[in-house]
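K.L.:
Got a structure for you, my_file.tsv, holding TSV, C-alpha atoms.
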chain	number	residue	atom	x	y	z
A	1	GLN	CA	-11.53	-167.81	-106.04
A	2	LEU	CA	-13.14	-170.44	-108.25
A	3	GLN	CA	-16.06	-172.02	-106.45
A	4	LEU	CA	-19.17	-174.12	-106.99
A	5	VAL	CA	-21.79	-174.11	-104.26
A	6	GLU	CA	-24.66	-176.57	-104.15
A	7	SER	CA	-27.86	-175.97	-102.19
A	8	GLY	CA	-31.40	-177.25	-101.87
A	9	GLY	CA	-30.85	-180.62	-100.28
A	10	GLY	CA	-32.90	-181.86	-97.36
A	11	LEU	CA	-35.05	-184.61	-95.89
A	12	VAL	CA	-38.10	-185.64	-97.90
A	13	PRO	CA	-40.44	-188.64	-97.80
A	14	PRO	CA	-40.54	-191.13	-100.67
A	15	GLY	CA	-42.33	-189.59	-103.62
A	16	GLY	CA	-41.24	-186.11	-102.63
A	17	SER	CA	-39.39	-183.47	-104.64
A	18	LEU	CA	-36.49	-181.08	-104.23
A	19	SER	CA	-34.89	-178.40	-106.35
A	20	LEU	CA	-31.11	-178.45	-106.18
A	21	SER	CA	-29.01	-175.48	-107.28
A	22	CYS	CA	-25.38	-175.12	-108.26
A	23	ALA	CA	-24.04	-171.58	-108.25
A	24	ALA	CA	-20.63	-170.61	-109.56
A	25	SER	CA	-18.38	-167.80	-108.47
A	26	GLY	CA	-15.03	-166.73	-109.83
A	27	PHE	CA	-15.63	-168.21	-113.29
A	28	THR	CA	-18.28	-168.36	-116.00
A	29	LEU	CA	-20.36	-171.53	-116.04
A	30	ALA	CA	-21.47	-170.86	-119.62
A	31	TYR	CA	-18.19	-172.23	-120.97
A	32	TYR	CA	-18.55	-175.62	-119.32
A	33	THR	CA	-20.58	-178.77	-119.30
A	34	ILE	CA	-22.11	-179.08	-115.85
A	35	THR	CA	-22.67	-182.51	-114.40
A	36	TRP	CA	-24.34	-183.63	-111.22
A	37	PHE	CA	-22.88	-186.61	-109.41
A	38	ARG	CA	-24.05	-188.29	-106.25
A	39	GLN	CA	-22.42	-190.53	-103.70
A	40	ALA	CA	-24.28	-192.66	-101.19
A	41	PRO	CA	-22.59	-194.02	-98.07
A	42	GLY	CA	-20.42	-197.00	-98.93
A	43	LYS	CA	-21.02	-196.63	-102.67
A	44	GLU	CA	-19.05	-195.27	-105.59
A	45	ARG	CA	-19.72	-191.84	-107.00
A	46	GLU	CA	-22.37	-191.97	-109.73
A	47	GLY	CA	-22.97	-189.59	-112.61
A	48	VAL	CA	-26.59	-188.43	-112.48
A	49	SER	CA	-27.06	-185.86	-115.25
A	50	CYS	CA	-25.19	-183.44	-117.48
A	51	ILE	CA	-26.05	-180.34	-119.47
A	52	SER	CA	-24.05	-178.79	-122.30
A	53	PRO	CA	-22.68	-175.25	-122.08
A	54	GLY	CA	-25.52	-173.76	-124.10
A	55	GLY	CA	-28.15	-175.94	-122.51
A	56	THR	CA	-29.11	-177.56	-125.82
A	57	SER	CA	-28.07	-181.06	-124.84
A	58	SER	CA	-28.51	-183.09	-121.68
A	59	ASP	CA	-28.35	-186.67	-120.55
A	60	TYR	CA	-29.35	-188.73	-117.55
A	61	ALA	CA	-28.41	-191.91	-115.79
A	62	ASP	CA	-30.97	-194.64	-116.40
A	63	SER	CA	-31.75	-194.71	-112.67
A	64	VAL	CA	-33.14	-191.14	-112.75
A	65	LYS	CA	-34.59	-190.76	-116.26
A	66	GLY	CA	-38.12	-189.43	-116.18
A	67	ARG	CA	-37.75	-188.24	-112.59
A	68	PHE	CA	-34.89	-185.71	-112.65
A	69	THR	CA	-34.59	-182.63	-114.88
A	70	ILE	CA	-31.45	-180.57	-115.35
A	71	SER	CA	-31.49	-176.96	-116.52
A	72	ARG	CA	-29.25	-173.92	-116.47
A	73	ASP	CA	-29.44	-170.15	-116.40
A	74	ASN	CA	-26.14	-168.83	-117.70
A	75	ILE	CA	-27.10	-165.25	-116.88
A	76	LYS	CA	-27.44	-166.23	-113.23
A	77	ASN	CA	-24.38	-168.49	-113.51
A	78	THR	CA	-26.45	-171.29	-111.99
A	79	VAL	CA	-27.46	-174.84	-112.87
A	80	TYR	CA	-30.48	-176.59	-111.41
A	81	LEU	CA	-31.49	-180.18	-110.83
A	82	GLN	CA	-35.18	-180.79	-110.20
A	83	VAL	CA	-35.56	-184.14	-108.48
A	84	ASN	CA	-39.04	-185.65	-108.37
A	85	SER	CA	-40.60	-188.95	-107.32
A	86	LEU	CA	-37.72	-189.50	-104.94
A	87	LYS	CA	-36.89	-192.98	-103.73
A	88	PRO	CA	-34.88	-194.09	-100.68
A	89	GLU	CA	-32.11	-195.20	-103.04
A	90	ASP	CA	-31.73	-191.57	-104.18
A	91	THR	CA	-30.32	-190.75	-100.74
A	92	ALA	CA	-26.81	-189.37	-101.28
A	93	VAL	CA	-24.63	-186.30	-101.26
A	94	TYR	CA	-25.17	-184.53	-104.58
A	95	TYR	CA	-22.25	-182.68	-106.16
A	96	CYS	CA	-22.08	-180.41	-109.18
A	97	THR	CA	-19.02	-180.28	-111.37
A	98	ALA	CA	-17.78	-178.26	-114.33
A	99	GLY	CA	-15.56	-179.44	-117.15
A	100	PRO	CA	-14.84	-179.20	-120.88
A	101	THR	CA	-16.49	-182.50	-121.72
A	102	ALA	CA	-19.19	-183.39	-124.22
A	103	CYS	CA	-22.67	-183.98	-122.87
A	104	HIS	CA	-24.80	-186.35	-124.93
A	105	SER	CA	-25.95	-189.94	-124.78
A	106	GLY	CA	-22.85	-191.21	-126.57
A	107	SER	CA	-20.26	-189.42	-124.44
A	108	ASP	CA	-18.55	-190.45	-121.23
A	109	TRP	CA	-19.81	-187.49	-119.20
A	110	TYR	CA	-20.40	-189.77	-116.22
A	111	LEU	CA	-16.67	-190.37	-115.62
A	112	SER	CA	-15.65	-188.14	-112.72
A	113	PRO	CA	-11.87	-187.70	-113.20
A	114	GLN	CA	-12.31	-185.41	-116.20
A	115	TYR	CA	-14.00	-182.62	-114.24
A	116	GLN	CA	-11.98	-179.67	-112.99
A	117	TYR	CA	-14.22	-177.98	-110.48
A	118	TRP	CA	-16.31	-179.55	-107.72
A	119	GLY	CA	-18.68	-178.20	-105.13
A	120	GLN	CA	-18.86	-179.31	-101.51
A	121	GLY	CA	-22.11	-181.19	-102.00
A	122	THR	CA	-25.65	-181.05	-100.67
A	123	LEU	CA	-27.24	-183.95	-98.81
A	124	VAL	CA	-30.51	-185.45	-100.03
A	125	THR	CA	-32.17	-187.88	-97.64
A	126	VAL	CA	-35.28	-189.77	-98.71
A	127	SER	CA	-36.99	-191.38	-95.74
A	128	GLU	CA	-40.35	-191.61	-94.00
Write the structure described by the file as structure tokens, please.

P.N.:
Amino acid sequence: QLQLVESGGGLVPPGGSLSLSCAASGFTLAYYTITWFRQAPGKEREGVSCISPGGTSSDYADSVKGRFTISRDNIKNTVYLQVNSLKPEDTAVYYCTAGPTACHSGSDWYLSPQYQYWGQGTLVTVSE
């Protein structure tokens, strides 16, 4: 069974940090670009960050640049998203996805319909 499972979400105060993980089972993540999306209540899904299959290229939404860092460990079949300096507007369900799309500043990695596999999401809440 092909599956992506996110973990690491939680409740943190503004300025706090979390380390999100995306673990794959049933397929090899190393063949895919992995992208994190998020969706806040009442808002559209937003592409947050992507990382290329080999980990040599990544990109970020302007809203998270300098605060979030994406990485991957293909041996562990896992991708990570370190989220720092969190703001209340970062509150959302965070999803990881896998797809055969390019990941660089000139690509459309942030468009969700092109991704084949989705996790169930992990909730990040930033509040006092």

K.L.:
When you count all atoms listed in the file, which of these residues is closest to Asn74 (chain A): A:Tyr31, A:Tyr94, A:Phe37, A:Trp109?

P.N.:
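Checking each of A:Tyr31, A:Tyr94, A:Phe37, A:Trp109 against Asn74 (chain A), counting all atoms listed in the file, the winner is A:Tyr31.
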
K.L.:
List the spatial neighbours of Cys22 (chain A) as an NGL selection string - criterion: any atom at most 9 Å away, all atoms listed in the file, same-chain residues fewer than 6 positions off excluded.

P.N.:
:A and (4-7 or 77-81 or 95-97 or 119)

K.L.:
For Lys43 (chain A), which residue out of A:Leu11, A:Thr28, A:Val93, A:Ala23 is the nearest one, using all atoms listed in the file?

P.N.:
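Ranking A:Leu11, A:Thr28, A:Val93, A:Ala23 by distance to Lys43 (chain A), first place goes to A:Val93.
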
K.L.:
Env of Gln116 (chain A): 9 Å cut, atoms = all atoms listed in the file, seq-sep filter 2 positions within chain, self excluded. Answer as number ranges by chain.

P.N.:
A: 97-100, 113-114, 118

K.L.:
Work out how far CA of Thr125 (chain A) is from CA of Asp90 (chain A), in Å to one decimal.

P.N.:
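Atom-to-atom, CA of Asp90 (chain A) to CA of Thr125 (chain A), that is 7.5 Å.
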
K.L.:
With only C-alpha atoms as the basis for distance, which of A:Ala102, A:Ile75, A:Leu20, A:Val64 is at the shortest distance from Ser52 (chain A)?

P.N.:
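Result for the nearest residue to Ser52 (chain A): A:Ala102.
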
K.L.:
What separation in Å, quoted to one decimal, exists between CA of Pro41 (chain A) and CA of Ile70 (chain A)?

P.N.:
23.6 Å

K.L.:
Work out how far CA of Ala24 (chain A) is from CA of His104 (chain A), in Å to one decimal.

P.N.:
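Computed distance, CA of His104 (chain A) to CA of Ala24 (chain A), equals 22.4 Å.
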
K.L.:
Identify which of the residues A:Gln120, A:Ser105, A:Thr91, A:Asn84 lies closest to Ser17 (chain A), counting all atoms listed in the file when measuring atom-to-atom distances.

P.N.:
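The shortest atom-to-atom distance to Ser17 (chain A) comes from A:Asn84.
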
K.L.:
Within 8 Å of region 53-58 of chain A, counting only C-alpha atoms, which residues qualify if same-chain residues fewer than 3 places away don't, as a PyMOL selection string?

P.N.:
chain A and resi 29-34+49-50+70-72+103-105

K.L.:
Taking (-25.6, -188.5, -115.8) in the file's own coordinates, collect the residues within 7 Å, counting all atoms listed in the file, and hand them back as an MDAnalysis selection string.

P.N.:
chainID A and resid 35:36 47:50 59:61 109:110

K.L.:
Tell me which of A:Gly15, A:Gly106, A:Pro88, A:Gly9 sits closest to Ala40 (chain A), counting all atoms listed in the file.

P.N.:
A:Pro88

K.L.:
Given the choices A:Val12, A:Lys87, A:Glu46, A:Tyr117, which gets closest to Ser25 (chain A) if the distance is worked out from all atoms listed in the file?

P.N.:
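For Ser25 (chain A), the nearest of the given residues is A:Tyr117.
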